[in-house]
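Student: Below you will find the structure I want to go over with you.
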Amino acid sequence: MSTQDLIEKLRAEMEEKYGNNVTQKPRTISSNSQLGCFEDVTDAILAAKESQQQLMKLTMKKRDEIIAAMRKTSIENAEKLAVMAHEETGFGRVADKIIKNLLAAEKTPGTEDLHSLTYTGDNGMTLVELAPFGVIGSITPSTNPSSTVINNSISMVASGNGVVFNPHPGAKKVCLETISLLNKAINEVGGPKELLTAPINPTMDTSKVIMTHKDVRMLAVTGGEAVVEVAMKSGKKCIAAGPGNPPIIVDETANIEKAANDIVRGASFDNNVLCIAEKEAFIVNSVFNELRNEMVRNGAYELKHHEIDIVTKEVFTKNKNGETVVNRNYVGKCASDILKGCNIPVNQDIKLIIAEVNDNHPFITIEMLMPVLGLVRVYSVDEAIEKAVIAEKGYHHTAIMHSESVPNLTKAARAMDTSIFVKNAPSFAGIGMEGEGFTTLTIATPTGEGLTSARSFTRIRRCILAGSFRIV
Ligand code: NAD
């Protein structure tokens with residue numbers, strides 16, 4: 001038997017005995033032009049693991065320097081990454097994507113988000129600290145590609161984790177570039193080499209490897225229903241940020257001029273691809289016409305009766321099960337391009353398409369991710385709330401209300417039971433843009449963490465010193 005055959009035989013025996021990690025070939029190294037990006041997804045996981053172990057040997061001061069460097073490079077490259085994301089996916093607007101990158105860079109909390117806790121009493125002192133999981137597998141969407149990578153990276157590294165990303169295949173170039181830039185920034189301040197990694201060709205198969213690999217201790221998935229379902233069945237701890245269909249409620253007490261402006265800005269931001277963006281509206285009859293006219297004055301185009309059918313036929317299609325689904329060609333497209341595709345001529349520059357429809361029209365019931373907003377006329381705030389709850393489909397994601405009535409606002413907030421409830425502002429106030437509070441692009445709805453930050457990606461550890469250390 002040759003030496004090579006002998007080695008292979010020993011490998012096979014050891015693999016049988018100890019599992020496949022023993023026989024793994026030494027992992028490859030990622031190139032400097034794509035730092036952290038690997039041909040083999042297992043190499044990406046192992047690299048993130050090694051780097052995470054190095055991170056744990058560094059001080060908290062160094063970790064703060066690492067986070068500061070990640071913010072700086074994200075700000076410096078916000079425009080470049082926005083252009084890349086737009087070119088690669090064809091979704092949204094470059095100017096809005098720059099804002100999303102900047103929000104993620106500047107307003108994602110860092111290590112200050114990690115609060116330890118002490119209990120003291122007759123029995124001494126107990127300390128509770130938030131510890132990292134190790135390597136987190138993060139599955140990211142095509143709709144907010146670079147901003148989600150920036151946001152997740154800051155949150156997860158601040159809490160001491162390494163990350164292996166599986167970006168959406170349709171947004172892989174911009175995500176890999178973001179990962180590489182962040183790693184370079186981390187290296188420049190003396191941080192580990194490949195804290196953030198990804199397979200160069202992310203697919204369903206690489207996603208499966210990440211979801212089942214023993215060194216991936218937690219999953220964070222940001223996307224639609226399918227990926228949430230798969231991740232939640234993986235058997236791993238999972239933070240799932242699923243889809244939404246955020247309704248707007250407008251009652252008779254609302255400041256109509258402001259509401260119209262807020263709705264048009266929120267629903268047209270990045271051509272409506274944000275999961276929190278206004279997707280349909282329930283408006284009481286007494287203010288319906290005034291609000292609709294005011295929205296038109298703010299840059300909305302109201303579809304004429306016969307145009308509603310034309311647009312509906314164009315922006316929806318049927319899937320293989322015969323169900324009505326969104327025509328992906330129109331996701332994230334500008335309102336004027338959607339109208340052009342429908343052969344509806346418009347002269348002025350429009351931001352949003354609106355149409356009065358009934359509450360079971362697909363403009364209301366389907367998460368469209370494009371600047372098309374169905375408006376439903378209702379006859380009381382109670383009817384608006386009831387229909388908004390149905391349209392939200394129990395996602396517990398986001399709802400928006402325009403009203404000056406505290407009792408109505410309170411009633412709606414309770415009934416909607418969403419992770420985010422925005423009052424009298426555009427939806428994006430819910431993620432810290434023109435609203436108080438930090439930013440996240442991963443809003444964990446089905447698993448309940450809500451707006452994720454560093455502390456969401458931690459394990460809680462307790463240490464007890466019995467009988468001592470109390471100073472009172
Ligand atoms: P998507 O579900 O098509 O893809 C999201 C990610 O999941 C991608 O990386 C994709 O490759 C992966 N994926 C999809 N199906 C999978 C499967 N069966 N197994 C393994 N991986 C799978 O979503 P998208 O179109 O990129 O993004 C839009 C969707 O994401 C919308 O529904 C939106 O509401 C949701 N979203 C939610 C949040 C949030 O914070 N809750 C944020 C952004 C987007």
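Every chain in the structure tokens has a letter given in the order shown (A, B, ...), and although residue numbers restart at 1 in each chain, ligands are simply numbered from 1 in the order shown.
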Kindly work out which residues sit at most 8 Å from ligand 1, using only C-alpha atoms and all ligand atoms, and give the list as a PyMOL selection string.
Tutor: chain A and resi 139-144+148+166-170+202-205+207-208+221-231+240-245+273-276+367+369+397+440-445+451
Student: Need to verify the contact set: Lys258 (chain A), 9 Å, only C-alpha atoms, exclusion of same-chain residues closer than 5 positions in sequence. Can you return it as a list in words?
Tutor: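 Here the answer would be Ile263, His402, Asn424 and Ala425 of chain A.
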Student: Just to be explicit: take each residue in the selection above, keep all heavy atoms, and write the result as a PDB file, in the first residue's frame.
Tutor:
ATOM      1  N   ILE A 263     -47.269  59.354   4.227  1.00  0.00           N
ATOM      2  CA  ILE A 263     -47.578  58.076   3.558  1.00  0.00           C
ATOM      3  C   ILE A 263     -46.837  57.985   2.224  1.00  0.00           C
ATOM      4  O   ILE A 263     -46.219  56.959   1.909  1.00  0.00           O
ATOM      5  CB  ILE A 263     -49.107  57.904   3.358  1.00  0.00           C
ATOM      6  CG1 ILE A 263     -49.801  57.754   4.722  1.00  0.00           C
ATOM      7  CG2 ILE A 263     -49.409  56.696   2.474  1.00  0.00           C
ATOM      8  CD1 ILE A 263     -51.328  57.838   4.672  1.00  0.00           C
ATOM      9  N   HIS A 402     -52.332  57.196  11.466  1.00  0.00           N
ATOM     10  CA  HIS A 402     -52.385  58.662  11.481  1.00  0.00           C
ATOM     11  C   HIS A 402     -53.673  59.059  12.188  1.00  0.00           C
ATOM     12  O   HIS A 402     -54.771  58.780  11.700  1.00  0.00           O
ATOM     13  CB  HIS A 402     -52.314  59.219  10.061  1.00  0.00           C
ATOM     14  CG  HIS A 402     -51.000  58.912   9.413  1.00  0.00           C
ATOM     15  ND1 HIS A 402     -49.896  59.719   9.563  1.00  0.00           N
ATOM     16  CD2 HIS A 402     -50.599  57.855   8.667  1.00  0.00           C
ATOM     17  CE1 HIS A 402     -48.873  59.181   8.907  1.00  0.00           C
ATOM     18  NE2 HIS A 402     -49.272  58.044   8.368  1.00  0.00           N
ATOM     19  N   ASN A 424     -48.256  58.699  13.400  1.00  0.00           N
ATOM     20  CA  ASN A 424     -48.099  60.024  12.789  1.00  0.00           C
ATOM     21  C   ASN A 424     -46.704  60.285  12.229  1.00  0.00           C
ATOM     22  O   ASN A 424     -46.098  61.327  12.489  1.00  0.00           O
ATOM     23  CB  ASN A 424     -48.472  61.115  13.808  1.00  0.00           C
ATOM     24  CG  ASN A 424     -49.921  60.985  14.229  1.00  0.00           C
ATOM     25  OD1 ASN A 424     -50.771  60.617  13.416  1.00  0.00           O
ATOM     26  ND2 ASN A 424     -50.200  61.250  15.485  1.00  0.00           N
ATOM     27  N   ALA A 425     -46.199  59.328  11.477  1.00  0.00           N
ATOM     28  CA  ALA A 425     -44.878  59.481  10.838  1.00  0.00           C
ATOM     29  C   ALA A 425     -44.791  58.465   9.699  1.00  0.00           C
ATOM     30  O   ALA A 425     -45.584  57.516   9.648  1.00  0.00           O
ATOM     31  CB  ALA A 425     -43.768  59.224  11.855  1.00  0.00           C
TER      32      ALA A 425
END
Student: For CA of Leu339 (chain A) and CA of Phe288 (chain A), determine how far apart the two atoms are, in Å to one decimal place.
Tutor: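 These atoms are spaced 23.6 Å apart.
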Student: Sorted by chain and rising residue number, list the residues of region 103-154 of chain A at most 7 Å from region 65-78 of chain A (counting only C-alpha atoms), each with its closest atom pair and distance in Å to one decimal, as a Markdown table.
Tutor:
| residue | atom | partner | partner_atom | distance |
| --- | --- | --- | --- | --- |
| A:Ala105 | CA | A:Arg71 | CA | 4.8 |
| A:Glu106 | CA | A:Arg71 | CA | 6.4 |
| A:Gly110 | CA | A:Ile67 | CA | 6.8 |
| A:Ile154 | CA | A:Ile67 | CA | 6.3 |
Student: For each of A:Ser116, A:Met125, A:Thr324, A:Ala104, take the minimum atom-to-atom distance to Ser153 (chain A), counting only C-alpha atoms, then give the residue where this is smallest.
Tutor: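 That would be A:Ala104, the residue with the smallest distance to Ser153 (chain A).
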Student: Determine, counting only C-alpha atoms, which protein, DNA and RNA residues have an atom within 7 Å of an atom of Val163 (chain A); residues of the same chain fewer than 3 positions away are not included. Present the result as a list of chain:residue names.
Tutor: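 Listing them by chain and then by number gives A:Ala48, A:Val135, A:Ile136, A:Gly137, A:Ser138, A:Leu195, A:Leu196, A:Thr197.
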Student: Identify, on the basis of only C-alpha atoms, every residue whose closest approach to Ile283 (chain A) does not exceed 8 Å; exclude the query and any residue fewer than 3 positions from it along the same chain; express the result as a ChimeraX atom specification.
Tutor: /A:249-251,287-288,375-378,384
Student: Now that the selection is made, can you save its residues with N, CA and C atoms as a PDB file, in the first residue's frame?
Tutor:
ATOM      1  N   ILE A 249     -53.585  52.940   9.052  1.00  0.00           N
ATOM      2  CA  ILE A 249     -54.954  53.293   9.466  1.00  0.00           C
ATOM      3  C   ILE A 249     -55.006  54.819   9.531  1.00  0.00           C
ATOM      4  N   VAL A 250     -56.016  55.415   8.905  1.00  0.00           N
ATOM      5  CA  VAL A 250     -56.181  56.874   9.011  1.00  0.00           C
ATOM      6  C   VAL A 250     -57.605  57.139   9.509  1.00  0.00           C
ATOM      7  N   ASP A 251     -57.706  57.836  10.651  1.00  0.00           N
ATOM      8  CA  ASP A 251     -59.058  58.130  11.161  1.00  0.00           C
ATOM      9  C   ASP A 251     -59.416  59.590  10.901  1.00  0.00           C
ATOM     10  N   VAL A 287     -62.648  61.365   5.596  1.00  0.00           N
ATOM     11  CA  VAL A 287     -61.398  62.035   5.189  1.00  0.00           C
ATOM     12  C   VAL A 287     -60.773  61.381   3.949  1.00  0.00           C
ATOM     13  N   PHE A 288     -61.453  60.366   3.411  1.00  0.00           N
ATOM     14  CA  PHE A 288     -60.865  59.580   2.316  1.00  0.00           C
ATOM     15  C   PHE A 288     -60.482  60.459   1.114  1.00  0.00           C
ATOM     16  N   LEU A 375     -55.936  51.557  -1.488  1.00  0.00           N
ATOM     17  CA  LEU A 375     -56.634  52.328  -0.453  1.00  0.00           C
ATOM     18  C   LEU A 375     -58.029  51.737  -0.276  1.00  0.00           C
ATOM     19  N   VAL A 376     -58.406  51.461   0.960  1.00  0.00           N
ATOM     20  CA  VAL A 376     -59.738  50.904   1.242  1.00  0.00           C
ATOM     21  C   VAL A 376     -60.551  51.937   2.020  1.00  0.00           C
ATOM     22  N   ARG A 377     -61.764  52.185   1.540  1.00  0.00           N
ATOM     23  CA  ARG A 377     -62.653  53.143   2.210  1.00  0.00           C
ATOM     24  C   ARG A 377     -63.412  52.394   3.313  1.00  0.00           C
ATOM     25  N   VAL A 378     -63.345  52.902   4.534  1.00  0.00           N
ATOM     26  CA  VAL A 378     -64.068  52.262   5.643  1.00  0.00           C
ATOM     27  C   VAL A 378     -64.941  53.318   6.331  1.00  0.00           C
ATOM     28  N   ALA A 384     -61.702  50.055  10.328  1.00  0.00           N
ATOM     29  CA  ALA A 384     -60.323  50.183   9.815  1.00  0.00           C
ATOM     30  C   ALA A 384     -59.393  49.238  10.577  1.00  0.00           C
TER      31      ALA A 384
END
Student: Go through A:Glu278, A:Val325, A:Ile256, A:Val311 and flag the residue nearest Ser403 (chain A), using only C-alpha atoms for the distances.
Tutor: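 The answer is A:Ile256, which sits nearest to Ser403 (chain A).
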Student: Which residues, written as a list in words, have at least one atom at most 8 Å from Ala95 (chain A), with only C-alpha atoms counted and residues fewer than 3 positions away on the same chain left out?
Tutor: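 Returned residues: Ala82, Ile98 and Ile99 of chain A.
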Student: Can those selected residues be exported to a file as a tab-separated table (two decimals), in the first residue's frame so that it contains all heavy atoms?
Tutor:
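Saved the output as selection_34.tsv:
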chain	number	residue	atom	x	y	z
A	82	ALA	N	-24.30	51.27	-2.42
A	82	ALA	CA	-25.68	51.53	-2.85
A	82	ALA	C	-25.78	51.39	-4.38
A	82	ALA	O	-26.73	50.78	-4.90
A	82	ALA	CB	-26.11	52.93	-2.41
A	98	ILE	N	-28.34	54.62	-0.12
A	98	ILE	CA	-27.24	55.28	0.61
A	98	ILE	C	-27.71	55.56	2.04
A	98	ILE	O	-27.00	55.28	3.02
A	98	ILE	CB	-26.81	56.59	-0.09
A	98	ILE	CG1	-26.23	56.30	-1.48
A	98	ILE	CG2	-25.80	57.37	0.77
A	98	ILE	CD1	-25.92	57.54	-2.31
A	99	ILE	N	-28.93	56.07	2.17
A	99	ILE	CA	-29.46	56.38	3.51
A	99	ILE	C	-29.52	55.11	4.36
A	99	ILE	O	-29.14	55.11	5.53
A	99	ILE	CB	-30.87	57.03	3.40
A	99	ILE	CG1	-30.76	58.40	2.72
A	99	ILE	CG2	-31.53	57.15	4.76
A	99	ILE	CD1	-32.10	59.05	2.41
Student: Please report, as a ChimeraX atom specification, each residue of region 166-388 of chain A to which DSSP assigns strand (DSSP E) when run on this structure's backbone.
Tutor: /A:166,196-199,216-222,237-241,247-250,280-284,300-302,316-318,324-326,352-356,372-378
Student: In Å, how far is it from CA of Gln34 (chain A) to CA of Thr458 (chain A)?
Tutor: 28.1 Å
Student: Residues at most 9 Å from Gly124 (chain A), counting only C-alpha atoms, excluding those fewer than 6 positions away in the same chain, as a VMD selection string?
Tutor: chain A and resid 464 to 470
Student: Can you tell me how far CA of Gly341 (chain A) sits from CA of Glu314 (chain A), in Å to one decimal?
Tutor: 7.7 Å
Student: Got a sec: who's within 12 Å of Phe269 (chain A), counting only C-alpha atoms, leaving out chain neighbours fewer than 4 positions off, as a ChimeraX atom specification?
Tutor: /A:91-100,262-265,273-279,332-335,351-352,369-372,426-429,433
Student: Enumerate the residues of region 258-470 of chain A with a DSSP assignment of helix (DSSP H, G or I), computed from the backbone, and present them as a PyMOL selection string.
Tutor: chain A and resi 258-272+285-297+305-315+328-330+335-341+362-365+381-392+406-416+427-431+454-457
Student: Using only C-alpha atoms, which of A:Val315, A:Glu257, A:Leu114, A:Arg328 sits nearest Glu294 (chain A)?
Tutor: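 Looking at the shortest contact to Glu294 (chain A), the residue is A:Glu257.
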Student: Using only C-alpha atoms for the distances, tell me which of A:Leu35, A:Pro199, A:Gly121, A:Asn360 is nearest to Ile471 (chain A).
Tutor: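 The answer is A:Gly121, which sits nearest to Ile471 (chain A).
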